[in-house]
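Undergrad: Input file: data_28.tsv. Contents: TSV, C-alpha atoms.
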chain	number	residue	atom	x	y	z
A	1	MET	CA	115.31	69.08	89.32
A	2	ASN	CA	112.57	71.57	88.44
A	3	PRO	CA	112.39	73.94	91.45
A	4	LEU	CA	108.61	74.18	91.03
A	5	THR	CA	108.12	70.43	91.42
A	6	ALA	CA	110.77	69.72	94.05
A	7	ARG	CA	109.91	67.30	96.86
A	8	THR	CA	109.19	68.84	100.24
A	9	ASP	CA	109.88	67.40	103.68
A	10	ALA	CA	107.40	69.71	105.38
A	11	LYS	CA	105.06	68.05	107.87
A	12	ARG	CA	101.63	69.10	109.07
A	13	ARG	CA	101.98	69.99	112.72
A	14	HIS	CA	98.37	70.66	113.64
A	15	ASP	CA	95.01	68.93	113.50
A	16	PRO	CA	93.03	70.61	110.68
A	17	ALA	CA	89.77	69.40	112.22
A	18	VAL	CA	90.25	71.64	115.27
A	19	ARG	CA	88.47	75.00	115.03
A	20	GLY	CA	87.63	77.54	117.68
A	21	PHE	CA	85.92	80.89	118.13
A	22	ALA	CA	88.86	83.12	119.02
A	23	SER	CA	89.35	85.02	115.79
A	24	ASP	CA	88.62	84.87	112.08
A	25	ASN	CA	92.39	85.30	111.74
A	26	TYR	CA	92.74	81.73	113.02
A	27	ALA	CA	91.12	80.30	109.89
A	28	GLY	CA	93.26	78.89	107.12
A	29	VAL	CA	93.43	80.05	103.52
A	30	HIS	CA	90.42	79.46	101.30
A	31	PRO	CA	91.22	76.83	98.63
A	32	GLU	CA	90.28	79.23	95.83
A	33	VAL	CA	92.78	81.75	97.18
A	34	LEU	CA	95.50	79.12	97.43
A	35	ALA	CA	94.78	78.15	93.84
A	36	ALA	CA	95.14	81.79	92.77
A	37	ILE	CA	98.53	82.04	94.48
A	38	ALA	CA	99.70	78.90	92.70
A	39	LEU	CA	98.41	80.25	89.39
A	40	ALA	CA	100.41	83.46	89.88
A	41	ASN	CA	103.57	81.46	90.61
A	42	GLY	CA	106.23	80.51	88.11
A	43	GLY	CA	108.25	82.67	85.78
A	44	HIS	CA	109.20	86.27	86.47
A	45	GLN	CA	107.01	89.30	87.00
A	46	VAL	CA	108.09	92.86	87.67
A	47	ALA	CA	108.43	93.57	91.39
A	48	TYR	CA	106.91	96.24	93.65
A	49	GLY	CA	103.46	96.31	92.07
A	50	GLU	CA	104.39	96.72	88.41
A	51	ASP	CA	103.09	93.22	87.67
A	52	VAL	CA	100.05	92.23	85.61
A	53	TYR	CA	98.12	90.95	88.63
A	54	THR	CA	98.32	94.26	90.49
A	55	ASP	CA	97.41	96.09	87.29
A	56	HIS	CA	94.32	93.93	86.88
A	57	LEU	CA	93.43	94.43	90.55
A	58	GLN	CA	92.82	98.10	89.80
A	59	ARG	CA	90.03	97.19	87.38
A	60	VAL	CA	88.58	94.71	89.87
A	61	MET	CA	88.47	97.44	92.53
A	62	HIS	CA	86.80	99.80	90.04
A	63	SER	CA	83.96	97.30	89.67
A	64	HIS	CA	83.31	97.50	93.42
A	65	PHE	CA	84.23	101.10	94.30
A	66	GLY	CA	83.94	103.12	91.11
A	67	PRO	CA	86.35	104.37	88.44
A	68	THR	CA	88.30	106.73	90.70
A	69	ALA	CA	89.31	104.00	93.17
A	70	GLU	CA	93.05	103.43	93.49
A	71	ALA	CA	94.18	100.23	95.20
A	72	TYR	CA	97.39	99.95	97.21
A	73	PRO	CA	98.00	96.41	98.54
A	74	VAL	CA	99.79	96.26	101.89
A	75	PHE	CA	100.87	93.54	104.30
A	76	ASN	CA	98.44	93.87	107.22
A	77	GLY	CA	95.61	95.82	108.79
A	78	THR	CA	97.70	97.98	111.08
A	79	GLY	CA	99.92	98.86	108.14
A	80	ALA	CA	96.85	99.81	106.11
A	81	ASN	CA	95.53	102.05	108.88
A	82	VAL	CA	98.87	103.73	109.56
A	83	THR	CA	99.55	104.34	105.87
A	84	ALA	CA	96.07	105.68	105.11
A	85	LEU	CA	95.86	107.95	108.15
A	86	GLN	CA	99.28	109.41	107.38
A	87	ALA	CA	98.03	110.32	103.94
A	88	LEU	CA	94.97	112.06	105.35
A	89	THR	CA	96.60	114.13	108.10
A	90	ASP	CA	99.18	116.86	108.48
A	91	ARG	CA	101.90	116.59	111.11
A	92	TRP	CA	99.69	118.56	113.48
A	93	GLY	CA	96.56	116.57	112.64
A	94	ALA	CA	94.26	114.43	114.74
A	95	VAL	CA	91.82	111.61	114.03
A	96	ILE	CA	88.45	111.31	115.77
A	97	CYS	CA	87.47	107.69	116.44
A	98	ALA	CA	85.41	105.55	118.78
A	99	GLU	CA	87.11	104.68	122.05
A	100	SER	CA	86.74	101.00	121.12
A	101	ALA	CA	88.32	101.47	117.67
A	102	HIS	CA	91.04	99.05	116.65
A	103	ILE	CA	93.40	101.93	115.91
A	104	ASN	CA	93.05	103.01	119.54
A	105	VAL	CA	92.91	99.69	121.38
A	106	ASP	CA	94.71	97.00	119.44
A	107	GLU	CA	97.53	98.49	117.39
A	108	GLY	CA	100.18	99.09	120.03
A	109	GLY	CA	100.02	102.85	119.58
A	110	ALA	CA	101.19	102.50	115.96
A	111	PRO	CA	98.90	105.19	114.48
A	112	GLU	CA	100.22	107.75	116.94
A	113	ARG	CA	103.83	106.58	117.10
A	114	MET	CA	104.39	105.69	113.45
A	115	ALA	CA	101.98	108.07	111.72
A	116	GLY	CA	102.71	110.95	114.07
A	117	LEU	CA	99.09	111.89	114.65
A	118	LYS	CA	96.81	112.27	117.65
A	119	LEU	CA	93.77	110.07	118.28
A	120	LEU	CA	90.78	111.89	119.77
A	121	THR	CA	88.52	109.17	121.16
A	122	VAL	CA	84.82	109.19	121.97
A	123	PRO	CA	82.99	106.64	124.16
A	124	THR	CA	80.17	104.92	122.26
A	125	PRO	CA	77.47	102.57	123.52
A	126	ASP	CA	77.68	100.23	120.53
A	127	GLY	CA	80.99	101.01	118.81
A	128	LYS	CA	79.38	103.43	116.35
A	129	LEU	CA	80.07	107.14	115.99
A	130	THR	CA	77.32	109.66	115.22
A	131	PRO	CA	77.53	113.32	114.19
A	132	GLU	CA	76.65	114.27	117.77
A	133	LEU	CA	79.42	112.08	119.20
A	134	ILE	CA	81.91	113.43	116.67
A	135	ASP	CA	81.14	116.95	117.85
A	136	ARG	CA	82.51	116.09	121.29
A	137	GLN	CA	85.99	116.22	119.73
A	138	ALA	CA	85.42	118.31	116.59
A	139	PHE	CA	86.60	121.71	117.76
A	140	GLY	CA	89.69	123.84	118.22
A	141	TRP	CA	90.94	124.01	114.64
A	142	ASP	CA	92.61	127.37	115.26
A	143	ASP	CA	93.92	126.48	118.71
A	144	GLU	CA	97.67	125.87	118.44
A	145	HIS	CA	97.57	124.12	121.82
A	146	ARG	CA	95.35	121.32	120.51
A	147	ALA	CA	95.90	118.75	117.78
A	148	MET	CA	93.76	119.72	114.79
A	149	PRO	CA	90.83	117.37	114.02
A	150	GLN	CA	91.24	116.47	110.35
A	151	VAL	CA	89.82	112.95	109.96
A	152	VAL	CA	86.90	110.91	111.25
A	153	SER	CA	87.71	107.19	111.33
A	154	ILE	CA	84.93	104.61	111.50
A	155	THR	CA	85.10	100.83	111.41
A	156	GLN	CA	82.67	98.78	109.31
A	157	ASN	CA	81.68	96.52	110.88
A	158	THR	CA	82.66	97.83	114.29
A	159	GLU	CA	84.88	96.21	116.87
A	160	LEU	CA	81.70	95.32	118.81
A	161	GLY	CA	80.18	93.45	115.88
A	162	THR	CA	77.65	96.14	115.03
A	163	VAL	CA	77.11	97.44	111.50
A	164	TYR	CA	76.62	101.02	110.34
A	165	THR	CA	73.66	101.47	108.02
A	166	VAL	CA	74.12	103.32	104.74
A	167	ASP	CA	72.25	106.31	106.11
A	168	GLU	CA	74.35	106.39	109.27
A	169	ILE	CA	77.58	106.55	107.28
A	170	ARG	CA	76.13	109.15	104.92
A	171	ALA	CA	75.24	111.33	107.92
A	172	ILE	CA	78.77	110.98	109.32
A	173	VAL	CA	80.39	111.81	105.98
A	174	ASP	CA	78.16	114.83	105.37
A	175	HIS	CA	78.83	116.11	108.87
A	176	ALA	CA	82.60	115.57	108.69
A	177	HIS	CA	82.92	117.12	105.24
A	178	GLY	CA	80.83	120.06	106.39
A	179	LEU	CA	83.41	120.64	109.12
A	180	GLY	CA	86.28	120.38	106.65
A	181	MET	CA	87.34	116.89	107.76
A	182	LYS	CA	87.90	113.72	105.74
A	183	VAL	CA	86.47	110.26	106.43
A	184	TYR	CA	88.42	107.02	106.65
A	185	LEU	CA	86.70	103.64	106.84
A	186	ASP	CA	88.61	100.78	108.47
A	187	GLY	CA	87.21	97.85	106.51
A	188	ALA	CA	88.92	94.93	108.21
A	189	ARG	CA	85.56	93.12	107.97
A	190	ILE	CA	83.95	95.21	105.24
A	191	ALA	CA	82.72	92.06	103.46
A	192	ASN	CA	80.80	90.95	106.55
A	193	ALA	CA	79.16	94.36	106.77
A	194	ALA	CA	78.06	94.29	103.13
A	195	ALA	CA	76.69	90.78	103.58
A	196	SER	CA	74.80	91.87	106.69
A	197	LEU	CA	73.28	94.91	104.98
A	198	ASN	CA	72.71	93.00	101.73
A	199	VAL	CA	74.04	95.91	99.69
A	200	PRO	CA	77.12	96.37	97.46
A	201	MET	CA	80.17	97.71	99.26
A	202	ARG	CA	79.99	100.87	97.15
A	203	ALA	CA	76.63	101.70	98.78
A	204	PHE	CA	78.26	102.69	102.07
A	205	THR	CA	81.66	103.83	100.75
A	206	ASN	CA	82.17	105.85	97.57
A	207	ALA	CA	78.42	106.33	97.02
A	208	VAL	CA	78.13	108.25	100.30
A	209	GLY	CA	81.44	110.10	100.05
A	210	VAL	CA	83.96	108.09	102.10
A	211	ASP	CA	87.42	109.35	101.14
A	212	VAL	CA	89.69	106.35	101.83
A	213	LEU	CA	89.10	102.83	103.10
A	214	SER	CA	91.01	99.70	103.93
A	215	PHE	CA	89.82	96.39	102.55
A	216	GLY	CA	90.39	93.43	104.85
A	217	GLY	CA	91.39	90.25	103.07
A	218	THR	CA	93.02	88.14	105.78
A	219	LYS	CA	89.86	87.73	107.86
A	220	ASN	CA	87.93	86.82	104.71
A	221	GLY	CA	90.01	83.86	103.56
A	222	MET	CA	93.30	85.28	102.30
A	223	LEU	CA	96.75	84.09	103.32
A	224	ALA	CA	98.10	87.58	103.97
A	225	GLY	CA	97.41	91.06	102.76
A	226	GLU	CA	95.10	94.03	103.05
A	227	CYS	CA	94.48	96.90	100.68
A	228	VAL	CA	94.25	100.67	101.07
A	229	VAL	CA	91.67	101.94	98.57
A	230	VAL	CA	91.73	105.65	97.83
A	231	LEU	CA	88.26	106.72	96.69
A	232	ASN	CA	88.94	110.46	96.56
A	233	PRO	CA	92.37	110.94	94.97
A	234	ASP	CA	92.34	114.65	95.81
A	235	VAL	CA	92.85	113.93	99.53
A	236	ALA	CA	95.66	111.35	99.32
A	237	ARG	CA	98.06	112.25	96.52
A	238	HIS	CA	101.23	110.63	97.85
A	239	MET	CA	100.03	107.20	98.93
A	240	LYS	CA	102.68	105.25	97.03
A	241	HIS	CA	105.46	107.14	98.81
A	242	LEU	CA	103.82	106.72	102.21
A	243	ARG	CA	103.30	103.00	101.60
A	244	LYS	CA	107.04	102.58	101.01
A	245	MET	CA	107.99	104.76	103.99
A	246	SER	CA	105.62	102.73	106.17
A	247	MET	CA	107.36	99.47	105.18
A	248	GLN	CA	104.20	98.19	103.50
A	249	LEU	CA	105.46	97.85	99.90
A	250	ALA	CA	105.62	94.17	98.95
A	251	SER	CA	108.34	93.25	96.49
A	252	LYS	CA	106.45	90.19	95.21
A	253	MET	CA	103.17	92.05	95.19
A	254	ARG	CA	101.63	89.80	92.54
A	255	PHE	CA	100.94	87.21	95.24
A	256	VAL	CA	98.96	89.71	97.35
A	257	SER	CA	97.07	91.08	94.34
A	258	ALA	CA	96.25	87.60	93.03
A	259	GLN	CA	94.55	86.81	96.34
A	260	PHE	CA	92.36	89.89	96.12
A	261	GLU	CA	91.44	88.99	92.56
A	262	ALA	CA	90.34	85.54	93.77
A	263	LEU	CA	88.16	87.16	96.43
A	264	LEU	CA	86.73	90.06	94.47
A	265	ALA	CA	86.58	89.18	90.78
A	266	LYS	CA	83.53	87.03	91.43
A	267	ASP	CA	81.60	86.46	94.66
A	268	LEU	CA	84.00	84.57	96.93
A	269	TRP	CA	84.25	87.55	99.29
A	270	LEU	CA	80.48	87.57	99.67
A	271	ARG	CA	80.08	83.81	100.02
A	272	ASN	CA	82.70	83.73	102.77
A	273	ALA	CA	81.16	86.66	104.61
A	274	ARG	CA	77.59	85.40	104.38
A	275	HIS	CA	78.62	82.03	105.75
A	276	ALA	CA	80.55	83.52	108.69
A	277	ASN	CA	77.62	85.80	109.50
A	278	ALA	CA	75.16	82.90	109.32
A	279	MET	CA	77.27	80.86	111.73
A	280	ALA	CA	77.29	83.79	114.18
A	281	GLN	CA	73.49	83.98	113.97
A	282	ARG	CA	73.26	80.24	114.64
A	283	LEU	CA	75.58	80.64	117.62
A	284	ALA	CA	73.64	83.60	119.00
A	285	GLU	CA	70.33	81.79	118.65
A	286	GLY	CA	71.69	78.87	120.64
A	287	VAL	CA	73.27	81.09	123.29
A	288	ARG	CA	69.98	82.90	123.90
A	289	ALA	CA	68.50	79.58	125.01
A	290	VAL	CA	71.12	79.10	127.74
A	291	ASP	CA	70.09	80.51	131.10
A	292	GLY	CA	72.69	82.71	132.75
A	293	VAL	CA	74.40	83.86	129.53
A	294	GLU	CA	73.77	87.40	128.29
A	295	ILE	CA	74.41	88.59	124.73
A	296	LEU	CA	75.78	92.13	124.99
A	297	TYR	CA	75.36	93.70	121.54
A	298	PRO	CA	73.22	93.11	118.47
A	299	VAL	CA	74.66	90.24	116.43
A	300	GLN	CA	74.89	91.83	112.99
A	301	ALA	CA	78.02	90.31	111.45
A	302	ASN	CA	80.29	87.42	112.46
A	303	ALA	CA	80.86	88.22	116.14
A	304	VAL	CA	78.95	87.35	119.30
A	305	PHE	CA	79.76	89.21	122.51
A	306	ALA	CA	78.46	87.64	125.71
A	307	ARG	CA	78.75	87.76	129.49
A	308	LEU	CA	78.93	84.61	131.57
A	309	PRO	CA	80.44	83.45	134.86
A	310	HIS	CA	84.22	83.73	134.95
A	311	ALA	CA	84.72	80.14	136.09
A	312	VAL	CA	82.58	78.86	133.22
A	313	THR	CA	84.64	80.83	130.73
A	314	ARG	CA	87.88	79.38	132.06
A	315	ARG	CA	86.62	75.81	131.78
A	316	LEU	CA	85.11	76.44	128.36
A	317	GLN	CA	88.42	77.87	127.13
A	318	GLU	CA	90.02	74.52	127.88
A	319	ARG	CA	87.71	72.99	125.28
A	320	PHE	CA	87.54	75.78	122.67
A	321	ARG	CA	89.82	78.73	121.98
A	322	PHE	CA	88.27	82.18	122.47
A	323	TYR	CA	89.19	85.37	124.28
A	324	PHE	CA	87.96	87.55	127.09
A	325	TRP	CA	86.87	90.95	125.85
A	326	ASP	CA	86.65	92.47	129.34
A	327	GLU	CA	87.84	89.92	131.87
A	328	ALA	CA	86.87	92.01	134.89
A	329	ALA	CA	83.26	92.15	133.71
A	330	GLY	CA	83.20	88.57	132.45
A	331	ASP	CA	82.68	89.65	128.83
A	332	VAL	CA	83.87	87.37	126.03
A	333	ARG	CA	83.98	87.49	122.24
A	334	TRP	CA	83.18	84.56	119.96
A	335	MET	CA	84.15	84.95	116.30
A	336	CYS	CA	82.93	82.87	113.37
A	337	SER	CA	84.91	82.39	110.17
A	338	TYR	CA	84.31	81.40	106.57
A	339	ASP	CA	85.21	77.80	107.53
A	340	THR	CA	83.13	77.56	110.73
A	341	THR	CA	80.66	74.69	110.36
A	342	GLU	CA	77.25	74.06	111.86
A	343	ASP	CA	78.80	71.11	113.70
A	344	ASP	CA	81.43	73.46	115.19
A	345	VAL	CA	78.71	75.77	116.48
A	346	ASP	CA	76.56	72.96	117.83
A	347	ALA	CA	79.53	71.34	119.61
A	348	PHE	CA	80.39	74.66	121.22
A	349	LEU	CA	76.80	75.23	122.35
A	350	LEU	CA	76.68	71.76	123.87
A	351	ALA	CA	79.90	72.47	125.78
A	352	LEU	CA	78.53	75.83	126.94
A	353	LYS	CA	75.37	74.21	128.24
A	354	GLU	CA	77.38	71.52	130.04
A	355	GLU	CA	79.63	74.05	131.74
A	356	MET	CA	76.73	76.29	132.73
A	357	ALA	CA	74.91	73.29	134.19
A	358	HIS	CA	78.05	72.40	136.13
A	359	ALA	CA	78.25	75.94	137.45
Please express the file's structure as structure tokens.
TA:
Amino acid sequence: MNPLTARTDAKRRHDPAVRGFASDNYAGVHPEVLAAIALANGGHQVAYGEDVYTDHLQRVMHSHFGPTAEAYPVFNGTGANVTALQALTDRWGAVICAESAHINVDEGGAPERMAGLKLLTVPTPDGKLTPELIDRQAFGWDDEHRAMPQVVSITQNTELGTVYTVDEIRAIVDHAHGLGMKVYLDGARIANAAASLNVPMRAFTNAVGVDVLSFGGTKNGMLAGECVVVLNPDVARHMKHLRKMSMQLASKMRFVSAQFEALLAKDLWLRNARHANAMAQRLAEGVRAVDGVEILYPVQANAVFARLPHAVTRRLQERFRFYFWDEAAGDVRWMCSYDTTEDDVDAFLLALKEEMAHA
């Protein structure tokens, strides 16, 4: 029997019609990405990134981030952050980031434990750093008693759903470089940010001097995989060694690279992001019409943060999956995905209105 056409006894164990608002990680794989994986299957290709798909991915990344961009596919977002930040810091180095940053809140201490660096956090009102906020931690380079600030890490879009403008990132980069620091951009939802700003991704990355970024694929319709993209090769010369040491080197890398090609070679990345953003706007518009529910931050990408009565949230969670953001305050986060439909949004809004009326 041909192993590529063998019968399978696998069974679907979930209802594909059920969608929620917990995370864009909950969404399945985009059909065009699945097709790309199947196309890359069959026959043998050299392992560990020496395949033709990973080679072609370099040229695809050049079209988005310029001719100096070097792409290093990895398994996941935490792996991308840990690998990139290791490359940008010395053993005595520190990274300045927003207090709400994913690297500080949601990665189990991995950047500090695995990369061996210190995070210097700054409270922000909207998840965004500024030169003035950076200066709260940008000092003490010659003080052997303090971890040395070497990198500024920003997230685009932020963990609070807000989006840095091109000028805001340019100001951060100019300020950081002026202080002798490098800039890392966590791009877990970089596509959503570009769609929100209606500019190419290069406009707020290599064009303004960002040194290294991560490109998030999983939240944008991929099965698995992220990518570290080195924009300034002078600041990260040993990325391939660090990727291996960080356990992020895929043996069958062609299947990660083929997914990125499906996203980035044409406009799938942008179509997916624009749709997710549009569904978040539709959700926010409906929420604003519900008395007693407060939207907490500007809705600029595919997330809506809101505050509502705790009891309402608990009942609503029995009907749709989503998470508390700050349970003590009653804050919740609703995420939209590339496969969120208008009917999904409208059904959720109807349920929200029903539960608020009951309250």
Undergrad: With a distance cut-off of 9 Å and only C-alpha atoms, select the neighbouring residues of Ala171 of chain A, excluding the residue or stretch itself and same-chain residues fewer than 5 positions from it, and output the selection as JSON, numbers by chain.
TA: {"A": [130, 131, 166, 176, 208]}
Undergrad: Once you have the residues from the selection above, write them out as a compact mmCIF listing (two decimals), in the frame of the given file, restricted to C-alpha atoms.
TA:
# COMPACT_ATOMS: atom_id res chain seq x y z
CA THR A 130 77.32 109.66 115.22
CA PRO A 131 77.53 113.32 114.19
CA VAL A 166 74.12 103.32 104.74
CA ALA A 176 82.60 115.57 108.69
CA VAL A 208 78.13 108.25 100.30
Undergrad: Mind giving me the straight-line distance from atom CA of Val256 of chain A to atom CA of Glu107 of chain A in Å, one decimal?
TA: 21.9 Å
Undergrad: Do a neighbour search on Val312 of chain A at 9 Å with all atoms listed in the file, toss out local chain neighbours closer than 6 positions, and write the hits as a ChimeraX atom specification.
TA: /A:352,355-356,358-359
Undergrad: Would you write out, as a Markdown table, a table of all residues in segment 293-338 of chain A that have an atom no more than 12 Å from an atom of segment 214-235 of chain A, listing for each the closest atom pair and the distance in Å to one decimal, considering all atoms listed in the file and ordering rows by chain and rising residue number?
TA:
| residue | atom | partner | partner_atom | distance |
| --- | --- | --- | --- | --- |
| A:Asn302 | CA | A:Lys219 | CA | 10.6 |
| A:Met335 | CA | A:Lys219 | CA | 10.6 |
| A:Cys336 | CA | A:Lys219 | CA | 10.1 |
| A:Ser337 | CA | A:Lys219 | CA | 7.6 |
| A:Tyr338 | CA | A:Asn220 | CA | 6.8 |
Undergrad: Name the residues in contact with Ala84 of chain A at a cut-off of 10 Å, using only C-alpha atoms, excluding same-chain residues fewer than 5 positions from it; report them as an NGL selection string.
TA: :A and (72 or 78-79 or 89 or 111 or 115 or 184-186 or 212-214 or 227-230 or 236 or 239 or 242-243)
Undergrad: From the set A:Arg113, A:Arg274, A:Arg314, A:Arg170, which residue has the shortest atom-to-atom contact distance to Ile190 of chain A, counting all atoms listed in the file?
TA: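 Closest residue, counting all atoms listed in the file: A:Arg274.
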Undergrad: Enumerate, as a ChimeraX atom specification, the protein, DNA and RNA residues whose atoms approach (72.4, 104.9, 104.6) to within 12 Å, taking into account all atoms listed in the file and the coordinate frame of the file.
TA: /A:163-174,197,199,201-205,207-209
Undergrad: Rounded to one decimal place, report the atom CA of Ala301 of chain A-atom CA of Ala195 of chain A distance in Å.
TA: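 The value is 8.0 Å.
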Undergrad: Take atom CA of Pro123 of chain A and atom CA of Gly292 of chain A and report the distance between them in Å, one decimal.
TA: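 Between atom CA of Pro123 of chain A and atom CA of Gly292 of chain A the gap works out to 27.4 Å.
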Undergrad: Find the residue from A:Ala194, A:Ala306, A:Leu296, A:Leu283 that sits nearest to Leu270 of chain A; use only C-alpha atoms when measuring.
TA: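 Smallest separation from Leu270 of chain A among the options: A:Ala194.
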Undergrad: Restricting the calculation to all atoms listed in the file, which member of A:Ile103, A:Leu249, A:Ala35, A:Val95 is positioned closest to Thr155 of chain A?
TA: A:Ile103
Undergrad: Could you work out an axis-aligned bounding box for all listed atoms of segment 51-66 of chain A, with 5 Å added on each of the six sides, and give its centre and edge lengths in Å to one decimal, as lines of an AutoDock Vina configuration file?
TA:
center_x = 93.2
center_y = 97.0
center_z = 90.0
size_x = 29.8
size_y = 22.2
size_z = 18.7
Undergrad: Got a sec: who's within 9 Å of segment 48-64 of chain A, counting all atoms listed in the file, leaving out chain neighbours fewer than 5 positions off, as a PyMOL selection string?
TA: chain A and resi 40+69-73+200-202+229+249-258+260-261+264-265
Undergrad: Store the residues picked out above, limited to C-alpha atoms, as a short mmCIF file (atom, residue, chain, number, x, y, z; two decimals), in the coordinates of the input.
TA:
data_model
loop_
_atom_site.label_atom_id
_atom_site.label_comp_id
_atom_site.auth_asym_id
_atom_site.auth_seq_id
_atom_site.Cartn_x
_atom_site.Cartn_y
_atom_site.Cartn_z
CA ALA A 40 100.41 83.46 89.88
CA ALA A 69 89.31 104.00 93.17
CA GLU A 70 93.05 103.43 93.49
CA ALA A 71 94.18 100.23 95.20
CA TYR A 72 97.39 99.95 97.21
CA PRO A 73 98.00 96.41 98.54
CA PRO A 200 77.12 96.37 97.46
CA MET A 201 80.17 97.71 99.26
CA ARG A 202 79.99 100.87 97.15
CA VAL A 229 91.67 101.94 98.57
CA LEU A 249 105.46 97.85 99.90
CA ALA A 250 105.62 94.17 98.95
CA SER A 251 108.34 93.25 96.49
CA LYS A 252 106.45 90.19 95.21
CA MET A 253 103.17 92.05 95.19
CA ARG A 254 101.63 89.80 92.54
CA PHE A 255 100.94 87.21 95.24
CA VAL A 256 98.96 89.71 97.35
CA SER A 257 97.07 91.08 94.34
CA ALA A 258 96.25 87.60 93.03
CA PHE A 260 92.36 89.89 96.12
CA GLU A 261 91.44 88.99 92.56
CA LEU A 264 86.73 90.06 94.47
CA ALA A 265 86.58 89.18 90.78
#
Undergrad: Go through A:Met279, A:Ala193, A:Ala101, A:Leu308 one by one, measure the shortest atom-to-atom distance of each to Leu160 of chain A using only C-alpha atoms, and give the residue with the smallest value.
TA: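 Closest residue, counting only C-alpha atoms: A:Ala101.
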Undergrad: Given all atoms listed in the file as the basis, pick out the residue of A:Ile154, A:Met114, A:Leu133, A:Ala191 nearest to Leu263 of chain A.
TA: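 Of all the options, A:Ala191 lies closest to Leu263 of chain A.
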Undergrad: Neighbouring residues of segment 144-152 of chain A were defined as those with any atom within 7 Å, considering only C-alpha atoms; residues of the same chain fewer than 6 positions away were excluded. Please report them as a PyMOL selection string.
TA: chain A and resi 88-89+92-97+118+138+176+181-184
Undergrad: Between A:Ala311, A:Ala289, A:Ala262, A:Val105, single out the one closest to Glu32 of chain A, counting only C-alpha atoms.
TA: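 Of all the options, A:Ala262 lies closest to Glu32 of chain A.
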Undergrad: Give as a list of chain:residue names the set of residues within 10 Å of the point (80.5, 89.4, 128.1), where distances use the file's coordinates and all atoms listed in the file.
TA: A:Val293, A:Glu294, A:Ile295, A:Leu296, A:Tyr297, A:Val304, A:Phe305, A:Ala306, A:Arg307, A:Leu308, A:Pro309, A:His310, A:Thr313, A:Phe324, A:Trp325, A:Asp326, A:Glu327, A:Ala328, A:Ala329, A:Gly330, A:Asp331, A:Val332, A:Arg333, A:Trp334
Undergrad: Restrict the selected residues to C-alpha atoms and save them as a PDB file, keeping the file's coordinate frame.
TA:
ATOM      1  CA  VAL A 293      74.400  83.860 129.530  1.00  0.00           C
ATOM      2  CA  GLU A 294      73.770  87.400 128.290  1.00  0.00           C
ATOM      3  CA  ILE A 295      74.410  88.590 124.730  1.00  0.00           C
ATOM      4  CA  LEU A 296      75.780  92.130 124.990  1.00  0.00           C
ATOM      5  CA  TYR A 297      75.360  93.700 121.540  1.00  0.00           C
ATOM      6  CA  VAL A 304      78.950  87.350 119.300  1.00  0.00           C
ATOM      7  CA  PHE A 305      79.760  89.210 122.510  1.00  0.00           C
ATOM      8  CA  ALA A 306      78.460  87.640 125.710  1.00  0.00           C
ATOM      9  CA  ARG A 307      78.750  87.760 129.490  1.00  0.00           C
ATOM     10  CA  LEU A 308      78.930  84.610 131.570  1.00  0.00           C
ATOM     11  CA  PRO A 309      80.440  83.450 134.860  1.00  0.00           C
ATOM     12  CA  HIS A 310      84.220  83.730 134.950  1.00  0.00           C
ATOM     13  CA  THR A 313      84.640  80.830 130.730  1.00  0.00           C
ATOM     14  CA  PHE A 324      87.960  87.550 127.090  1.00  0.00           C
ATOM     15  CA  TRP A 325      86.870  90.950 125.850  1.00  0.00           C
ATOM     16  CA  ASP A 326      86.650  92.470 129.340  1.00  0.00           C
ATOM     17  CA  GLU A 327      87.840  89.920 131.870  1.00  0.00           C
ATOM     18  CA  ALA A 328      86.870  92.010 134.890  1.00  0.00           C
ATOM     19  CA  ALA A 329      83.260  92.150 133.710  1.00  0.00           C
ATOM     20  CA  GLY A 330      83.200  88.570 132.450  1.00  0.00           C
ATOM     21  CA  ASP A 331      82.680  89.650 128.830  1.00  0.00           C
ATOM     22  CA  VAL A 332      83.870  87.370 126.030  1.00  0.00           C
ATOM     23  CA  ARG A 333      83.980  87.490 122.240  1.00  0.00           C
ATOM     24  CA  TRP A 334      83.180  84.560 119.960  1.00  0.00           C
TER      25      TRP A 334
END
